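A.B. asks: Structure file model.cif, mmCIF, C-alpha atoms; chains and numbers go by the auth columns, is pasted below:
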data_model
loop_
_atom_site.group_PDB
_atom_site.id
_atom_site.type_symbol
_atom_site.label_atom_id
_atom_site.label_comp_id
_atom_site.label_asym_id
_atom_site.label_seq_id
_atom_site.Cartn_x
_atom_site.Cartn_y
_atom_site.Cartn_z
_atom_site.B_iso_or_equiv
_atom_site.auth_seq_id
_atom_site.auth_asym_id
ATOM 1 C CA MET A 1 -24.293 -27.211 0.834 0.00 117 O
ATOM 2 C CA SER A 2 -20.854 -26.285 2.174 0.00 118 O
ATOM 3 C CA VAL A 3 -19.609 -22.710 1.825 0.00 119 O
ATOM 4 C CA VAL A 4 -16.459 -22.485 -0.306 0.00 120 O
ATOM 5 C CA PHE A 5 -16.248 -18.712 -0.748 0.00 121 O
ATOM 6 C CA GLU A 6 -17.634 -15.822 1.272 0.00 122 O
ATOM 7 C CA LYS A 7 -17.043 -12.200 2.152 0.00 123 O
ATOM 8 C CA PRO A 8 -14.389 -11.736 4.858 0.00 124 O
ATOM 9 C CA LYS A 9 -15.844 -10.900 8.257 0.00 125 O
ATOM 10 C CA ALA A 10 -13.409 -7.987 8.551 0.00 126 O
ATOM 11 C CA LEU A 11 -15.252 -6.224 5.699 0.00 127 O
ATOM 12 C CA THR A 12 -18.578 -4.486 6.262 0.00 128 O
ATOM 13 C CA ASP A 13 -21.585 -4.798 3.955 0.00 129 O
ATOM 14 C CA ALA A 14 -21.064 -1.272 2.589 0.00 130 O
ATOM 15 C CA VAL A 15 -20.980 -0.995 -1.200 0.00 131 O
ATOM 16 C CA LEU A 16 -17.537 0.104 -2.400 0.00 132 O
ATOM 17 C CA HIS A 17 -17.452 3.475 -4.140 0.00 133 O
ATOM 18 C CA TYR A 18 -14.460 2.739 -6.382 0.00 134 O
ATOM 19 C CA CYS A 19 -14.528 3.050 -10.167 0.00 135 O
ATOM 20 C CA PRO A 20 -15.085 -0.085 -12.298 0.00 136 O
ATOM 21 C CA GLY A 21 -11.794 -1.919 -12.719 0.00 137 O
ATOM 22 C CA CYS A 22 -10.094 -0.222 -9.771 0.00 138 O
ATOM 23 C CA THR A 23 -8.029 -2.696 -7.780 0.00 139 O
ATOM 24 C CA HIS A 24 -8.637 -1.076 -4.376 0.00 140 O
ATOM 25 C CA GLY A 25 -11.465 -3.538 -3.821 0.00 141 O
ATOM 26 C CA ILE A 26 -9.183 -6.522 -4.373 0.00 142 O
ATOM 27 C CA VAL A 27 -6.639 -5.192 -1.890 0.00 143 O
ATOM 28 C CA HIS A 28 -9.360 -4.414 0.660 0.00 144 O
ATOM 29 C CA ARG A 29 -10.411 -8.041 0.500 0.00 145 O
ATOM 30 C CA LEU A 30 -6.861 -9.305 0.934 0.00 146 O
ATOM 31 C CA VAL A 31 -6.328 -7.105 3.990 0.00 147 O
ATOM 32 C CA ALA A 32 -9.615 -8.292 5.481 0.00 148 O
ATOM 33 C CA GLU A 33 -8.781 -11.943 4.796 0.00 149 O
ATOM 34 C CA ALA A 34 -5.434 -11.544 6.558 0.00 150 O
ATOM 35 C CA ILE A 35 -7.151 -9.989 9.573 0.00 151 O
ATOM 36 C CA ASP A 36 -9.715 -12.809 9.658 0.00 152 O
ATOM 37 C CA GLU A 37 -7.163 -15.584 9.318 0.00 153 O
ATOM 38 C CA LEU A 38 -4.950 -14.164 12.056 0.00 154 O
ATOM 39 C CA GLY A 39 -7.955 -13.641 14.350 0.00 155 O
ATOM 40 C CA ILE A 40 -6.998 -10.050 15.156 0.00 156 O
ATOM 41 C CA GLU A 41 -10.053 -8.007 14.128 0.00 157 O
ATOM 42 C CA GLY A 42 -11.043 -7.235 17.721 0.00 158 O
ATOM 43 C CA ARG A 43 -7.707 -5.541 18.413 0.00 159 O
ATOM 44 C CA THR A 44 -6.950 -4.056 14.989 0.00 160 O
ATOM 45 C CA ILE A 45 -7.026 -0.313 14.321 0.00 161 O
ATOM 46 C CA GLY A 46 -6.795 0.982 10.765 0.00 162 O
ATOM 47 C CA ILE A 47 -5.721 4.460 9.725 0.00 163 O
ATOM 48 C CA ALA A 48 -7.558 5.823 6.680 0.00 164 O
ATOM 49 C CA PRO A 49 -5.808 8.295 4.372 0.00 165 O
ATOM 50 C CA VAL A 50 -6.828 11.163 2.141 0.00 166 O
ATOM 51 C CA GLY A 51 -7.303 9.947 -1.423 0.00 167 O
ATOM 52 C CA CYS A 52 -9.462 7.417 -3.240 0.00 168 O
ATOM 53 C CA SER A 53 -9.537 5.209 -0.145 0.00 169 O
ATOM 54 C CA VAL A 54 -10.480 8.063 2.165 0.00 170 O
ATOM 55 C CA MET A 55 -13.669 6.201 3.124 0.00 171 O
ATOM 56 C CA ALA A 56 -11.867 2.999 4.109 0.00 172 O
ATOM 57 C CA TYR A 57 -13.434 3.499 7.540 0.00 173 O
ATOM 58 C CA ASP A 58 -16.754 2.482 5.973 0.00 174 O
ATOM 59 C CA TYR A 59 -15.381 -0.772 4.576 0.00 175 O
ATOM 60 C CA PHE A 60 -13.251 -2.368 7.284 0.00 176 O
ATOM 61 C CA ALA A 61 -15.098 -3.779 10.287 0.00 177 O
ATOM 62 C CA CYS A 62 -12.279 -3.006 12.705 0.00 178 O
ATOM 63 C CA ASP A 63 -11.860 0.322 14.490 0.00 179 O
ATOM 64 C CA MET A 64 -10.702 3.050 12.092 0.00 180 O
ATOM 65 C CA ILE A 65 -9.222 6.542 12.465 0.00 181 O
ATOM 66 C CA GLU A 66 -9.177 9.198 9.732 0.00 182 O
ATOM 67 C CA ALA A 67 -5.808 10.947 9.380 0.00 183 O
ATOM 68 C CA SER A 68 -5.107 14.247 7.676 0.00 184 O
ATOM 69 C CA HIS A 69 -3.370 14.086 4.315 0.00 185 O
ATOM 70 C CA GLY A 70 -0.075 12.196 4.535 0.00 186 O
ATOM 71 C CA ARG A 71 -0.060 11.873 8.315 0.00 187 O
ATOM 72 C CA ALA A 72 -1.297 8.299 8.641 0.00 188 O
ATOM 73 C CA PRO A 73 2.119 6.885 9.709 0.00 189 O
ATOM 74 C CA ALA A 74 2.411 9.544 12.414 0.00 190 O
ATOM 75 C CA VAL A 75 -1.097 8.774 13.671 0.00 191 O
ATOM 76 C CA ALA A 76 -0.360 5.045 13.532 0.00 192 O
ATOM 77 C CA THR A 77 2.814 5.599 15.559 0.00 193 O
ATOM 78 C CA GLY A 78 0.875 7.405 18.281 0.00 194 O
ATOM 79 C CA VAL A 79 -1.803 4.727 18.409 0.00 195 O
ATOM 80 C CA LYS A 80 0.689 1.864 18.510 0.00 196 O
ATOM 81 C CA ARG A 81 2.883 3.439 21.178 0.00 197 O
ATOM 82 C CA SER A 82 -0.094 4.231 23.394 0.00 198 O
ATOM 83 C CA MET A 83 -1.715 0.812 22.856 0.00 199 O
ATOM 84 C CA PRO A 84 1.111 -1.574 21.913 0.00 200 O
ATOM 85 C CA GLU A 85 -1.111 -4.619 22.306 0.00 201 O
ATOM 86 C CA ASN A 86 -3.220 -3.496 19.334 0.00 202 O
ATOM 87 C CA ILE A 87 -2.494 -4.225 15.671 0.00 203 O
ATOM 88 C CA VAL A 88 -2.241 -0.969 13.721 0.00 204 O
ATOM 89 C CA PHE A 89 -2.163 -0.549 9.954 0.00 205 O
ATOM 90 C CA THR A 90 -2.341 2.314 7.484 0.00 206 O
ATOM 91 C CA TYR A 91 -3.846 2.085 4.017 0.00 207 O
ATOM 92 C CA GLN A 92 -2.434 4.795 1.745 0.00 208 O
ATOM 93 C CA GLY A 93 -2.164 5.843 -1.882 0.00 209 O
ATOM 94 C CA ASP A 94 0.917 7.220 -3.626 0.00 210 O
ATOM 95 C CA GLY A 95 -0.082 10.866 -3.322 0.00 211 O
ATOM 96 C CA ASP A 96 -0.763 10.450 0.383 0.00 212 O
ATOM 97 C CA LEU A 97 2.269 8.330 1.239 0.00 213 O
ATOM 98 C CA ALA A 98 4.922 9.340 -1.298 0.00 214 O
ATOM 99 C CA SER A 99 4.215 13.063 -1.666 0.00 215 O
ATOM 100 C CA ILE A 100 2.821 15.069 1.232 0.00 216 O
ATOM 101 C CA GLY A 101 3.439 12.155 3.606 0.00 217 O
ATOM 102 C CA LEU A 102 6.922 11.145 2.462 0.00 218 O
ATOM 103 C CA CYS A 103 8.604 12.590 5.570 0.00 219 O
ATOM 104 C CA GLU A 104 6.252 10.665 7.866 0.00 220 O
ATOM 105 C CA THR A 105 6.794 7.482 5.848 0.00 221 O
ATOM 106 C CA VAL A 106 10.584 7.661 5.912 0.00 222 O
ATOM 107 C CA SER A 107 10.760 8.734 9.560 0.00 223 O
ATOM 108 C CA THR A 108 8.382 5.985 10.689 0.00 224 O
ATOM 109 C CA ALA A 109 10.372 3.388 8.750 0.00 225 O
ATOM 110 C CA ALA A 110 13.683 4.734 10.083 0.00 226 O
ATOM 111 C CA ARG A 111 12.408 4.329 13.652 0.00 227 O
ATOM 112 C CA GLY A 112 11.255 0.791 12.900 0.00 228 O
ATOM 113 C CA GLU A 113 7.797 1.370 14.343 0.00 229 O
ATOM 114 C CA ASN A 114 5.949 -1.924 14.798 0.00 230 O
ATOM 115 C CA ILE A 115 3.135 -1.108 12.378 0.00 231 O
ATOM 116 C CA THR A 116 1.960 -2.354 8.972 0.00 232 O
ATOM 117 C CA ILE A 117 1.577 -0.084 5.934 0.00 233 O
ATOM 118 C CA ILE A 118 -0.402 -1.040 2.833 0.00 234 O
ATOM 119 C CA PHE A 119 0.741 1.259 0.029 0.00 235 O
ATOM 120 C CA ILE A 120 -1.300 1.534 -3.181 0.00 236 O
ATOM 121 C CA ASN A 121 0.805 2.699 -6.141 0.00 237 O
ATOM 122 C CA ASN A 122 -1.253 3.509 -9.235 0.00 238 O
ATOM 123 C CA ALA A 123 1.120 6.204 -10.514 0.00 239 O
ATOM 124 C CA ILE A 124 -1.447 9.007 -10.441 0.00 240 O
ATOM 125 C CA TYR A 125 -3.603 11.152 -8.169 0.00 241 O
ATOM 126 C CA GLY A 126 -6.952 9.398 -8.483 0.00 242 O
ATOM 127 C CA MET A 127 -9.473 11.192 -6.279 0.00 243 O
ATOM 128 C CA THR A 128 -8.540 14.735 -7.345 0.00 244 O
ATOM 129 C CA GLY A 129 -8.759 14.155 -11.079 0.00 245 O
ATOM 130 C CA GLY A 130 -5.603 12.584 -12.431 0.00 246 O
ATOM 131 C CA GLN A 131 -2.679 14.865 -11.637 0.00 247 O
ATOM 132 C CA MET A 132 0.924 13.653 -11.791 0.00 248 O
ATOM 133 C CA ALA A 133 2.020 11.754 -8.683 0.00 249 O
ATOM 134 C CA PRO A 134 5.514 11.148 -7.298 0.00 250 O
ATOM 135 C CA THR A 135 5.191 7.650 -8.782 0.00 251 O
ATOM 136 C CA SER A 136 4.014 8.704 -12.272 0.00 252 O
ATOM 137 C CA LEU A 137 6.165 7.195 -15.021 0.00 253 O
ATOM 138 C CA ILE A 138 8.528 9.048 -17.332 0.00 254 O
ATOM 139 C CA GLY A 139 6.475 10.102 -20.334 0.00 255 O
ATOM 140 C CA GLN A 140 3.168 9.419 -18.578 0.00 256 O
ATOM 141 C CA VAL A 141 0.423 11.845 -19.586 0.00 257 O
ATOM 142 C CA THR A 142 -1.557 13.275 -16.664 0.00 258 O
ATOM 143 C CA GLN A 143 -3.607 16.406 -16.032 0.00 259 O
ATOM 144 C CA THR A 144 -0.477 18.228 -14.853 0.00 260 O
ATOM 145 C CA SER A 145 1.919 16.604 -17.335 0.00 261 O
ATOM 146 C CA PRO A 146 -0.109 16.842 -20.562 0.00 262 O
ATOM 147 C CA TYR A 147 2.987 16.244 -22.702 0.00 263 O
ATOM 148 C CA GLY A 148 4.208 13.389 -20.530 0.00 264 O
ATOM 149 C CA ARG A 149 6.330 13.475 -17.402 0.00 265 O
ATOM 150 C CA ASN A 150 9.649 15.124 -18.241 0.00 266 O
ATOM 151 C CA PRO A 151 12.490 14.217 -15.839 0.00 267 O
ATOM 152 C CA GLU A 152 14.300 17.476 -16.610 0.00 268 O
ATOM 153 C CA THR A 153 11.500 19.568 -15.154 0.00 269 O
ATOM 154 C CA GLN A 154 9.430 17.130 -13.096 0.00 270 O
ATOM 155 C CA GLY A 155 12.033 14.693 -11.815 0.00 271 O
ATOM 156 C CA TYR A 156 12.001 10.927 -11.764 0.00 272 O
ATOM 157 C CA PRO A 157 9.532 8.495 -10.179 0.00 273 O
ATOM 158 C CA ILE A 158 10.113 7.648 -6.523 0.00 274 O
ATOM 159 C CA ASN A 159 10.563 3.940 -5.864 0.00 275 O
ATOM 160 C CA ILE A 160 9.408 3.649 -2.266 0.00 276 O
ATOM 161 C CA CYS A 161 10.521 0.088 -1.502 0.00 277 O
ATOM 162 C CA GLU A 162 14.011 0.737 -2.874 0.00 278 O
ATOM 163 C CA LEU A 163 14.193 4.006 -0.929 0.00 279 O
ATOM 164 C CA LEU A 164 13.156 2.466 2.381 0.00 280 O
ATOM 165 C CA ALA A 165 15.463 -0.504 1.837 0.00 281 O
ATOM 166 C CA THR A 166 18.403 1.857 2.324 0.00 282 O
ATOM 167 C CA LEU A 167 17.333 2.286 5.960 0.00 283 O
ATOM 168 C CA GLU A 168 18.503 -0.003 8.730 0.00 284 O
ATOM 169 C CA ALA A 169 15.284 -0.436 10.694 0.00 285 O
ATOM 170 C CA PRO A 170 12.522 -1.823 8.410 0.00 286 O
ATOM 171 C CA ALA A 171 11.790 -5.508 8.982 0.00 287 O
ATOM 172 C CA TYR A 172 9.886 -6.322 5.796 0.00 288 O
ATOM 173 C CA LEU A 173 9.401 -4.541 2.462 0.00 289 O
ATOM 174 C CA GLU A 174 7.767 -6.206 -0.529 0.00 290 O
ATOM 175 C CA ARG A 175 6.244 -5.001 -3.791 0.00 291 O
ATOM 176 C CA VAL A 176 3.356 -6.978 -5.260 0.00 292 O
ATOM 177 C CA THR A 177 0.554 -6.456 -7.749 0.00 293 O
ATOM 178 C CA VAL A 178 -2.984 -7.785 -8.236 0.00 294 O
ATOM 179 C CA ASN A 179 -3.458 -7.830 -12.024 0.00 295 O
ATOM 180 C CA ASN A 180 -3.926 -11.599 -12.334 0.00 296 O
ATOM 181 C CA VAL A 181 -4.806 -14.579 -10.154 0.00 297 O
ATOM 182 C CA LYS A 182 -1.207 -15.628 -9.479 0.00 298 O
ATOM 183 C CA ASN A 183 -0.228 -12.115 -8.439 0.00 299 O
ATOM 184 C CA VAL A 184 -3.306 -11.769 -6.220 0.00 300 O
ATOM 185 C CA ARG A 185 -2.272 -14.938 -4.365 0.00 301 O
ATOM 186 C CA ASN A 186 1.272 -13.650 -3.923 0.00 302 O
ATOM 187 C CA ALA A 187 -0.068 -10.311 -2.677 0.00 303 O
ATOM 188 C CA LYS A 188 -2.236 -12.113 -0.127 0.00 304 O
ATOM 189 C CA LYS A 189 0.800 -13.949 1.272 0.00 305 O
ATOM 190 C CA ALA A 190 2.790 -10.724 1.543 0.00 306 O
ATOM 191 C CA ILE A 191 -0.008 -8.790 3.252 0.00 307 O
ATOM 192 C CA LYS A 192 -0.646 -11.579 5.730 0.00 308 O
ATOM 193 C CA LYS A 193 3.081 -11.818 6.505 0.00 309 O
ATOM 194 C CA ALA A 194 3.227 -8.064 7.126 0.00 310 O
ATOM 195 C CA PHE A 195 0.446 -8.377 9.715 0.00 311 O
ATOM 196 C CA GLN A 196 2.007 -11.512 11.208 0.00 312 O
ATOM 197 C CA ASN A 197 5.288 -9.638 11.638 0.00 313 O
ATOM 198 C CA GLN A 198 3.488 -7.035 13.716 0.00 314 O
ATOM 199 C CA VAL A 199 1.747 -9.671 15.801 0.00 315 O
ATOM 200 C CA GLU A 200 5.184 -11.134 16.555 0.00 316 O
ATOM 201 C CA GLY A 201 6.687 -7.713 17.303 0.00 317 O
ATOM 202 C CA LYS A 202 9.216 -7.796 14.463 0.00 318 O
ATOM 203 C CA GLY A 203 8.862 -4.134 13.521 0.00 319 O
ATOM 204 C CA PHE A 204 8.032 -2.024 10.495 0.00 320 O
ATOM 205 C CA SER A 205 6.481 -3.713 7.440 0.00 321 O
ATOM 206 C CA LEU A 206 5.326 -2.096 4.193 0.00 322 O
ATOM 207 C CA ILE A 207 3.623 -3.804 1.281 0.00 323 O
ATOM 208 C CA GLU A 208 3.533 -1.804 -1.942 0.00 324 O
ATOM 209 C CA VAL A 209 0.755 -2.892 -4.307 0.00 325 O
ATOM 210 C CA VAL A 210 1.178 -1.818 -7.936 0.00 326 O
ATOM 211 C CA SER A 211 -2.422 -1.016 -8.861 0.00 327 O
ATOM 212 C CA SER A 212 -4.547 0.181 -11.752 0.00 328 O
ATOM 213 C CA CYS A 213 -6.562 3.362 -12.278 0.00 329 O
ATOM 214 C CA PRO A 214 -8.570 2.819 -15.479 0.00 330 O
ATOM 215 C CA THR A 215 -10.515 6.081 -15.129 0.00 331 O
ATOM 216 C CA ASN A 216 -7.560 8.439 -14.878 0.00 332 O
ATOM 217 C CA TRP A 217 -5.358 6.353 -17.164 0.00 333 O
ATOM 218 C CA GLY A 218 -8.108 6.608 -19.793 0.00 334 O
ATOM 219 C CA MET A 219 -8.232 2.845 -20.349 0.00 335 O
ATOM 220 C CA THR A 220 -10.619 -0.054 -20.114 0.00 336 O
ATOM 221 C CA PRO A 221 -10.233 -2.159 -16.960 0.00 337 O
ATOM 222 C CA GLN A 222 -8.684 -4.993 -18.961 0.00 338 O
ATOM 223 C CA LYS A 223 -6.202 -2.726 -20.745 0.00 339 O
ATOM 224 C CA ALA A 224 -5.249 -1.145 -17.412 0.00 340 O
ATOM 225 C CA LEU A 225 -4.322 -4.568 -16.009 0.00 341 O
ATOM 226 C CA GLU A 226 -2.201 -5.226 -19.106 0.00 342 O
ATOM 227 C CA TRP A 227 -0.575 -1.775 -18.759 0.00 343 O
ATOM 228 C CA ILE A 228 0.667 -2.778 -15.315 0.00 344 O
ATOM 229 C CA ASP A 229 2.734 -5.541 -16.910 0.00 345 O
ATOM 230 C CA GLU A 230 3.785 -3.481 -19.924 0.00 346 O
ATOM 231 C CA LYS A 231 4.666 -0.156 -18.286 0.00 347 O
ATOM 232 C CA MET A 232 4.458 -0.209 -14.492 0.00 348 O
ATOM 233 C CA LEU A 233 6.476 -3.292 -13.593 0.00 349 O
ATOM 234 C CA PRO A 234 9.601 -2.310 -15.582 0.00 350 O
ATOM 235 C CA GLN A 235 9.771 0.776 -13.319 0.00 351 O
ATOM 236 C CA TYR A 236 8.455 -0.982 -10.214 0.00 352 O
ATOM 237 C CA PRO A 237 9.734 -4.581 -10.278 0.00 353 O
ATOM 238 C CA LEU A 238 8.048 -7.047 -7.965 0.00 354 O
ATOM 239 C CA GLY A 239 9.887 -8.718 -5.151 0.00 355 O
ATOM 240 C CA VAL A 240 11.114 -8.640 -1.566 0.00 356 O
ATOM 241 C CA PHE A 241 13.388 -5.685 -0.863 0.00 357 O
ATOM 242 C CA ARG A 242 13.880 -6.363 2.838 0.00 358 O
ATOM 243 C CA ASP A 243 13.155 -9.368 4.995 0.00 359 O
ATOM 244 C CA LYS A 244 15.284 -9.337 8.124 0.00 360 O
ATOM 245 C CA GLU A 245 14.145 -12.794 9.144 0.00 361 O
ATOM 246 C CA ALA A 246 15.332 -14.248 5.831 0.00 362 O
ATOM 247 C CA GLY A 247 18.409 -12.045 5.636 0.00 363 O
ATOM 248 C CA ILE A 248 17.217 -10.326 2.443 0.00 364 O
ATOM 249 C CA GLY A 249 18.201 -6.751 1.717 0.00 365 O
ATOM 250 C CA LEU A 250 20.472 -6.311 4.700 0.00 366 O
ATOM 251 C CA ALA A 251 23.633 -4.291 4.125 0.00 367 O
ATOM 252 C CA LYS A 252 26.820 -6.152 4.973 0.00 368 O
ATOM 253 C CA LYS A 253 28.955 -4.170 7.398 0.00 369 O
ATOM 254 C CA GLU A 254 32.705 -4.449 7.233 0.00 370 O
ATOM 255 C CA ALA A 255 34.424 -5.465 10.435 0.00 371 O
#
As a first step, turn the structure in this file into structure tokens.

C.D. replies:
Amino acid sequence: MSVVFEKPKALTDAVLHYCPGCTHGIVHRLVAEAIDELGIEGRTIGIAPVGCSVMAYDYFACDMIEASHGRAPAVATGVKRSMPENIVFTYQGDGDLASIGLCETVSTAARGENITIIFINNAIYGMTGGQMAPTSLIGQVTQTSPYGRNPETQGYPINICELLATLEAPAYLERVTVNNVKNVRNAKKAIKKAFQNQVEGKGFSLIEVVSSCPTNWGMTPQKALEWIDEKMLPQYPLGVFRDKEAGIGLAKKEA
């Protein structure tokens, strides 16, 4: 009997610790499939964050380094500059990347470091119990915004792809989601392209994945996937925000 579906070789046999309905597992698989298909596992180094995916080093079969909270892009920069022949990626949540690590994210993107960032945006702090994140929606109830996020006192959500698209250096920025089969396929293409860009030396790539957190959203897994369409995507629209190769998102300079 021919094999038509199997676990990617770039994933270990460790059992994932994520909550039922969490989409981290889907994204892990897509990253691993991209690594397998590009044949780069032997020279890939991943940087694990602090957050729900803190134990990513147990799940990816490539070499992994644990970074302190928010510092994954800085660690990735050091690794890539010291070993430019290696493929280096970070895997980060919104609290890690968009809050304590925002400076590292923006600075790394502004320098155009030839790395790949996988950014999980579920609009909440997952691992620490459901506090408001930089990406939490206006009106969203969290442990630290029990009456809903109020922009007058707690500001507005940070749209990372739009923010980084204002910079000159990034090569590729795309926002995807994984709440249905079509979107999973699109996310796979984006993630693979982000790794391919690094292989070809094109520079900084970031893929933002709008994800679900059924536990801290207080929803069933199915309702959480629907909530992505209903509430998350109006704030975080899908699409390519920068693709230098295709000429997308590049500011036109006057002569």

A.B. asks: I'd like to know which of O:Ile236, O:Cys329, O:Val204, O:Ala150 is closest to O:Pro136, using only C-alpha atoms.

C.D. replies: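 Checking each of O:Ile236, O:Cys329, O:Val204, O:Ala150 against O:Pro136, counting only C-alpha atoms, the winner is O:Cys329.
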
A.B. asks: Excluding O:Tyr175 and any residue of its chain fewer than 4 positions from it, enumerate the residues within 10 Å of it, using only C-alpha atoms, and give them as a short mmCIF file (atom, residue, chain, number, x, y, z; two decimals) with C-alpha atoms, in the frame of the given file.

C.D. replies:
data_model
loop_
_atom_site.label_atom_id
_atom_site.label_comp_id
_atom_site.auth_asym_id
_atom_site.auth_seq_id
_atom_site.Cartn_x
_atom_site.Cartn_y
_atom_site.Cartn_z
CA ALA O 126 -13.41 -7.99 8.55
CA LEU O 127 -15.25 -6.22 5.70
CA THR O 128 -18.58 -4.49 6.26
CA ASP O 129 -21.58 -4.80 3.96
CA ALA O 130 -21.06 -1.27 2.59
CA VAL O 131 -20.98 -1.00 -1.20
CA LEU O 132 -17.54 0.10 -2.40
CA HIS O 133 -17.45 3.48 -4.14
CA GLY O 141 -11.46 -3.54 -3.82
CA HIS O 144 -9.36 -4.41 0.66
CA ARG O 145 -10.41 -8.04 0.50
CA ALA O 148 -9.62 -8.29 5.48
CA SER O 169 -9.54 5.21 -0.14
CA MET O 171 -13.67 6.20 3.12
CA MET O 180 -10.70 3.05 12.09
#

A.B. asks: For atom CA of O:Trp333 and atom CA of O:Met248, quote the distance in Å rounded to one decimal.

C.D. replies: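 Computing it gives 11.0 Å between the two atoms.
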
A.B. asks: Counting all atoms listed in the file, select every polymer residue within 6 Å of (-3.1, -2.8, -14.4) as defined in the file's coordinates, and provide the selection as a list in words.

C.D. replies: Asn295, Ser327, Ser328, Ala340, Leu341, Glu342, Trp343 and Ile344 of chain O

A.B. asks: Give me a file of those residues, with C-alpha atoms, as a CSV table (one decimal), keeping the file's coordinate frame.

C.D. replies:
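Contents of result_20.csv, freshly written:
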chain,number,residue,atom,x,y,z
O,295,ASN,CA,-3.5,-7.8,-12.0
O,327,SER,CA,-2.4,-1.0,-8.9
O,328,SER,CA,-4.5,0.2,-11.8
O,340,ALA,CA,-5.2,-1.1,-17.4
O,341,LEU,CA,-4.3,-4.6,-16.0
O,342,GLU,CA,-2.2,-5.2,-19.1
O,343,TRP,CA,-0.6,-1.8,-18.8
O,344,ILE,CA,0.7,-2.8,-15.3

A.B. asks: Distance table requested - stretch 147-256 of chain O against stretch 347-362 of chain O, cut-off 12 Å, all atoms listed in the file: one row per qualifying residue with the closest atom pair and its distance in Å to one decimal, ordered by chain and rising residue number, as JSON lines.

C.D. replies:
{"residue": "O:Ala225", "atom": "CA", "partner": "O:Arg358", "partner_atom": "CA", "distance": 11.9}
{"residue": "O:Gly228", "atom": "CA", "partner": "O:Lys360", "partner_atom": "CA", "distance": 11.9}
{"residue": "O:Asn237", "atom": "CA", "partner": "O:Tyr352", "partner_atom": "CA", "distance": 9.4}
{"residue": "O:Asn238", "atom": "CA", "partner": "O:Met348", "partner_atom": "CA", "distance": 8.6}
{"residue": "O:Ala239", "atom": "CA", "partner": "O:Met348", "partner_atom": "CA", "distance": 8.3}
{"residue": "O:Ile240", "atom": "CA", "partner": "O:Met348", "partner_atom": "CA", "distance": 11.7}
{"residue": "O:Thr251", "atom": "CA", "partner": "O:Tyr352", "partner_atom": "CA", "distance": 9.3}
{"residue": "O:Ser252", "atom": "CA", "partner": "O:Met348", "partner_atom": "CA", "distance": 9.2}
{"residue": "O:Leu253", "atom": "CA", "partner": "O:Gln351", "partner_atom": "CA", "distance": 7.6}
{"residue": "O:Ile254", "atom": "CA", "partner": "O:Gln351", "partner_atom": "CA", "distance": 9.3}
{"residue": "O:Gly255", "atom": "CA", "partner": "O:Lys347", "partner_atom": "CA", "distance": 10.6}
{"residue": "O:Gln256", "atom": "CA", "partner": "O:Lys347", "partner_atom": "CA", "distance": 9.7}

A.B. asks: Using the chain letters and numbers from the file, give me the residues hit by the PyMOL selection byres ((chain O and resi 303) around 8), as a PyMOL selection string.

C.D. replies: chain O and resi 146+292-294+299-302+304-307+325

A.B. asks: Given all atoms listed in the file as the basis, pick out the residue of O:Ser118, O:Asn202, O:Thr260, O:Thr139 nearest to O:Gln338.

C.D. replies: O:Thr139

A.B. asks: Can you pull out the residues contacting stretch 188-191 of chain O? Cut-off 12 Å, using only C-alpha atoms, and skip same-chain residues under 2 positions away; I want them as a PyMOL selection string.

C.D. replies: chain O and resi 161-167+170+180-186+193-198+204-209+212-214+216-235+320-322

A.B. asks: Using Å and a single decimal, report how far atom CA of O:Ala192 sits from atom CA of O:Tyr173.

C.D. replies: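 Interatomic distance here is 14.5 Å.
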
A.B. asks: Is it possible to get the residues within 6 Å of (7.0, -3.8, 0.6) (coordinates as in the file, counting only C-alpha atoms) written as a tab-separated table (two decimals) with C-alpha atoms, in the coordinates of the input?

C.D. replies:
chain	number	residue	atom	x	y	z
O	277	CYS	CA	10.52	0.09	-1.50
O	289	LEU	CA	9.40	-4.54	2.46
O	290	GLU	CA	7.77	-6.21	-0.53
O	291	ARG	CA	6.24	-5.00	-3.79
O	322	LEU	CA	5.33	-2.10	4.19
O	323	ILE	CA	3.62	-3.80	1.28
O	324	GLU	CA	3.53	-1.80	-1.94

A.B. asks: From the options O:Val119, O:Met335, O:Ala281, O:Ile364, which residue's atoms come nearest to O:Gly137, counting all atoms listed in the file?

C.D. replies: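 Of O:Val119, O:Met335, O:Ala281, O:Ile364, the one nearest O:Gly137, counting all atoms listed in the file, is O:Met335.
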